Amino acid sequence: MKYRLLGKTGFEVSEISLGTWQVGGKWGETFNKKNAEEIIHCAIDSGINFIDTADVYSDGLSEHVVASVVKTRKERVYIATKCGRKINPHISEGYTPAILQKYVEDSLKNMDMDCLDLIQLHCPPTEVYYRPEIFELFDKLKDQGKIAHLGVSVEKAEEALKAIEYPNVTTIQIIFNMFRHRPAELFFSQAKKRNIGIIVRVPLASGLLSGRMTSRTTFHKGDHRFFNRNGEAFDKGETFSGVDFTRGLHAVDELLQVFPEKTNLAIKALKWILMFDEVSCVIPGASKKEHVMSNVQASDDRELTEEEMNKVKEIYDKYIKNPVHYLW
């Protein structure tokens, strides 16, 4: 496993880390504590030292189990969590310093911690980025010793650019993958200038870039890939990176021709992200420990050639750019 600096946090984190949206079970299915513990232990055994969770994942169970397992280990493992998505309706007016402070304190209790390594605003509405009092709260929380660092999980590149104008923002979590290229155009260079850590989520476009899905693939009714394809529940960019499922399958067919030596396209998709030096870490999810063991292989896999990188861009331009690029 290779490690990279997470911006001005100073944390040296595994370039392949762990996202826990679906840890312990597939999306929409009952949380399985034993399976979750196995996944987290496997991740740490594999050299992963950065785990991303949120207070809304499995209604707090993800946070609790992540922290519980980490406490049993001797390794230094950084835990990032998020707050804000509990606000309902999820609108700017619902964001107040008081409610966000309560969420931070609830996470501290849930994880039995005195200080959070990294707290991230969880994809707030765009208007929130223009409210300095929200960001000022986290300076107070840091002074109180309740958080070490503030980050923001964003939907759009424009939101990322606005967020990093605040000097106390240390990290940005953003969707970036073979089907989502826009962050690399301007945001990456600006983040580098400000020493911002970049955490890449949805690296496999909700599994599309695993290369294992077909037109006959079905999804559990509680799975966002079933109910959120058009943004019915939240931003549709979180589901298949906003790519039409059938269109995505056509693009994957061509990607498999670019990387014929690998039946597991996921490793190449993760390595493609790591080819960008501005990226600090990638946080693929896992619903079983075998997924973790596969994902970590990307760190030591060979670098992609210039020809392969160009081919990926050609496929993106052909299938993805027109309907997706300018939306996020």
# chains A, B, ... in the order shown; residues from 1 in each chain; ligands from 1
>>> residues_around(residues="stretch 29-44 of chain A", least_positions_apart="3", cutoff="7 Å", atoms="only C-alpha atoms", output="VMD selection string")
chain A and resid 23 to 26 47 to 49 58 65 to 66 69 222 288 to 289 292
>>> write_last_selection(atoms="N, CA and C atoms", output="mmCIF file, in the first residue's frame")
data_model
loop_
_atom_site.group_PDB
_atom_site.id
_atom_site.type_symbol
_atom_site.label_atom_id
_atom_site.label_comp_id
_atom_site.auth_asym_id
_atom_site.auth_seq_id
_atom_site.Cartn_x
_atom_site.Cartn_y
_atom_site.Cartn_z
ATOM 1 N N VAL A 23 -21.148 -0.404 4.014
ATOM 2 C CA VAL A 23 -20.411 -1.386 4.803
ATOM 3 C C VAL A 23 -21.380 -2.228 5.627
ATOM 4 N N GLY A 24 -21.111 -3.515 5.673
ATOM 5 C CA GLY A 24 -21.958 -4.407 6.449
ATOM 6 C C GLY A 24 -23.097 -5.011 5.659
ATOM 7 N N GLY A 25 -23.259 -4.619 4.415
ATOM 8 C CA GLY A 25 -24.307 -5.179 3.594
ATOM 9 C C GLY A 25 -24.518 -4.344 2.355
ATOM 10 N N LYS A 26 -25.190 -4.902 1.384
ATOM 11 C CA LYS A 26 -25.453 -4.146 0.163
ATOM 12 C C LYS A 26 -26.462 -3.047 0.444
ATOM 13 N N GLY A 47 -3.576 -2.524 5.078
ATOM 14 C CA GLY A 47 -2.806 -1.286 5.061
ATOM 15 C C GLY A 47 -3.639 -0.025 4.984
ATOM 16 N N ILE A 48 -4.953 -0.156 4.957
ATOM 17 C CA ILE A 48 -5.828 1.017 4.930
ATOM 18 C C ILE A 48 -5.819 1.687 6.303
ATOM 19 N N ASN A 49 -5.598 3.001 6.312
ATOM 20 C CA ASN A 49 -5.568 3.730 7.589
ATOM 21 C C ASN A 49 -6.471 4.956 7.589
ATOM 22 N N SER A 58 -26.653 3.915 7.820
ATOM 23 C CA SER A 58 -27.314 2.924 8.677
ATOM 24 C C SER A 58 -27.713 3.545 10.014
ATOM 25 N N VAL A 65 -19.731 1.229 14.597
ATOM 26 C CA VAL A 65 -18.929 0.031 14.358
ATOM 27 C C VAL A 65 -17.522 0.392 13.893
ATOM 28 N N VAL A 66 -17.408 1.388 13.021
ATOM 29 C CA VAL A 66 -16.077 1.816 12.571
ATOM 30 C C VAL A 66 -15.217 2.184 13.776
ATOM 31 N N VAL A 69 -14.282 -0.869 16.078
ATOM 32 C CA VAL A 69 -13.223 -1.732 15.547
ATOM 33 C C VAL A 69 -11.869 -1.038 15.621
ATOM 34 N N GLY A 222 -34.514 -1.322 -2.194
ATOM 35 C CA GLY A 222 -33.969 -0.336 -1.275
ATOM 36 C C GLY A 222 -32.622 0.208 -1.704
ATOM 37 N N LYS A 288 -18.420 -6.764 1.260
ATOM 38 C CA LYS A 288 -17.773 -7.962 1.797
ATOM 39 C C LYS A 288 -16.266 -7.770 1.707
ATOM 40 N N LYS A 289 -15.539 -8.519 2.516
ATOM 41 C CA LYS A 289 -14.095 -8.270 2.620
ATOM 42 C C LYS A 289 -13.358 -8.566 1.321
ATOM 43 N N VAL A 292 -12.694 -5.445 -0.530
ATOM 44 C CA VAL A 292 -11.548 -4.695 0.002
ATOM 45 C C VAL A 292 -10.250 -5.256 -0.565
#
>>> residues_around(residues="stretch 207-212 of chain A", least_positions_apart="6", cutoff="10 Å", atoms="only C-alpha atoms", output="mmCIF file with N, CA and C atoms, in the first residue's frame")
data_model
loop_
_atom_site.group_PDB
_atom_site.id
_atom_site.type_symbol
_atom_site.label_atom_id
_atom_site.label_comp_id
_atom_site.auth_asym_id
_atom_site.auth_seq_id
_atom_site.Cartn_x
_atom_site.Cartn_y
_atom_site.Cartn_z
ATOM 1 N N ASN A 177 -14.106 9.947 -11.459
ATOM 2 C CA ASN A 177 -13.839 8.598 -11.967
ATOM 3 C C ASN A 177 -13.788 8.622 -13.490
ATOM 4 N N MET A 178 -13.672 7.474 -14.106
ATOM 5 C CA MET A 178 -13.606 7.385 -15.564
ATOM 6 C C MET A 178 -14.841 7.982 -16.240
ATOM 7 N N PHE A 179 -15.942 8.105 -15.492
ATOM 8 C CA PHE A 179 -17.173 8.679 -16.013
ATOM 9 C C PHE A 179 -17.445 10.090 -15.472
ATOM 10 N N ARG A 225 -29.529 2.472 -6.604
ATOM 11 C CA ARG A 225 -29.401 2.209 -8.039
ATOM 12 C C ARG A 225 -30.733 1.755 -8.641
ATOM 13 N N THR A 239 -25.683 8.381 -8.170
ATOM 14 C CA THR A 239 -26.071 7.067 -8.692
ATOM 15 C C THR A 239 -25.525 6.900 -10.100
ATOM 16 N N PHE A 240 -24.612 5.946 -10.269
ATOM 17 C CA PHE A 240 -23.922 5.722 -11.552
ATOM 18 C C PHE A 240 -23.234 7.003 -12.042
ATOM 19 N N SER A 241 -22.854 7.883 -11.101
ATOM 20 C CA SER A 241 -22.219 9.168 -11.432
ATOM 21 C C SER A 241 -23.081 10.017 -12.356
ATOM 22 N N VAL A 243 -24.741 8.883 -14.887
ATOM 23 C CA VAL A 243 -24.722 8.319 -16.244
ATOM 24 C C VAL A 243 -25.919 7.395 -16.444
ATOM 25 N N PHE A 245 -27.789 4.229 -17.280
ATOM 26 C CA PHE A 245 -27.267 2.878 -17.070
ATOM 27 C C PHE A 245 -26.894 2.200 -18.385
ATOM 28 N N GLY A 248 -23.917 3.783 -19.961
ATOM 29 C CA GLY A 248 -22.733 3.406 -19.196
ATOM 30 C C GLY A 248 -22.240 2.015 -19.555
ATOM 31 N N LEU A 249 -23.155 1.096 -19.775
ATOM 32 C CA LEU A 249 -22.771 -0.273 -20.155
ATOM 33 C C LEU A 249 -22.041 -0.279 -21.495
ATOM 34 N N ALA A 251 -20.251 2.149 -22.717
ATOM 35 C CA ALA A 251 -18.920 2.710 -22.472
ATOM 36 C C ALA A 251 -18.015 1.684 -21.796
ATOM 37 N N VAL A 252 -18.571 0.925 -20.858
ATOM 38 C CA VAL A 252 -17.790 -0.116 -20.170
ATOM 39 C C VAL A 252 -17.322 -1.178 -21.155
ATOM 40 N N ASP A 253 -18.165 -1.538 -22.098
ATOM 41 C CA ASP A 253 -17.769 -2.531 -23.112
ATOM 42 C C ASP A 253 -16.499 -2.083 -23.832
ATOM 43 N N LEU A 255 -14.278 0.123 -22.613
ATOM 44 C CA LEU A 255 -13.186 0.156 -21.650
ATOM 45 C C LEU A 255 -12.571 -1.229 -21.459
ATOM 46 N N LEU A 256 -13.397 -2.245 -21.494
ATOM 47 C CA LEU A 256 -12.892 -3.619 -21.340
ATOM 48 C C LEU A 256 -11.970 -4.004 -22.497
ATOM 49 N N LYS A 262 -7.268 -7.578 -17.873
ATOM 50 C CA LYS A 262 -7.914 -7.581 -16.569
ATOM 51 C C LYS A 262 -9.407 -7.849 -16.710
ATOM 52 N N THR A 263 -9.871 -8.954 -16.132
ATOM 53 C CA THR A 263 -11.308 -9.163 -16.107
ATOM 54 C C THR A 263 -11.932 -8.269 -15.036
ATOM 55 N N ASN A 264 -11.120 -7.839 -14.060
ATOM 56 C CA ASN A 264 -11.602 -6.949 -13.013
ATOM 57 C C ASN A 264 -11.279 -5.510 -13.395
ATOM 58 N N LEU A 265 -12.205 -4.874 -14.085
ATOM 59 C CA LEU A 265 -12.008 -3.501 -14.532
ATOM 60 C C LEU A 265 -11.866 -2.544 -13.357
ATOM 61 N N ALA A 266 -12.418 -2.919 -12.205
ATOM 62 C CA ALA A 266 -12.393 -2.032 -11.038
ATOM 63 C C ALA A 266 -10.978 -1.613 -10.671
ATOM 64 N N ILE A 267 -10.029 -2.529 -10.755
ATOM 65 C CA ILE A 267 -8.645 -2.198 -10.395
ATOM 66 C C ILE A 267 -8.101 -1.119 -11.318
ATOM 67 N N LYS A 268 -8.390 -1.238 -12.616
ATOM 68 C CA LYS A 268 -7.931 -0.233 -13.576
ATOM 69 C C LYS A 268 -8.651 1.096 -13.355
ATOM 70 N N ALA A 269 -9.930 1.034 -12.998
ATOM 71 C CA ALA A 269 -10.684 2.264 -12.754
ATOM 72 C C ALA A 269 -10.127 3.006 -11.538
ATOM 73 N N LEU A 270 -9.740 2.269 -10.500
ATOM 74 C CA LEU A 270 -9.144 2.892 -9.326
ATOM 75 C C LEU A 270 -7.757 3.433 -9.648
ATOM 76 N N PRO A 284 -13.358 3.607 -2.179
ATOM 77 C CA PRO A 284 -14.370 2.665 -2.658
ATOM 78 C C PRO A 284 -15.059 1.988 -1.487
ATOM 79 N N GLY A 285 -16.310 1.648 -1.684
ATOM 80 C CA GLY A 285 -17.049 0.938 -0.650
ATOM 81 C C GLY A 285 -16.841 -0.559 -0.762
#
>>> select_by_dssp(residues="stretch 154-236 of chain A", states="alpha helix (DSSP H)", output="ChimeraX atom specification")
/A:157-163,187-193,224-227
>>> closest_residue(among="A:Met1, A:Val56, A:Ile199, A:Ile273", to="A:Gln22", atoms="only C-alpha atoms")
A:Val56
>>> closest_residue(among="A:Leu6, A:Ala98, A:Leu204, A:Met293", to="A:Thr170", atoms="only C-alpha atoms")
A:Leu6
>>> residues_around(residues="A:Asp235", least_positions_apart="2", cutoff="12 Å", atoms="only C-alpha atoms", output="ChimeraX atom specification")
/A:90,123-125,154-156,175,224,227-233,237-242,327-328
>>> closest_residue(among="A:Met111, A:Ile174, A:Cys83, A:Leu118", to="A:Ser62", atoms="only C-alpha atoms")
A:Met111
>>> atom_distance(atom1="atom CA of A:Lys140", atom2="atom CA of A:Gln101")
9.7 Å
>>> closest_residue(among="A:Leu304, A:Ile315, A:Val13, A:Ile283", to="A:Arg201", atoms="only C-alpha atoms")
A:Ile283
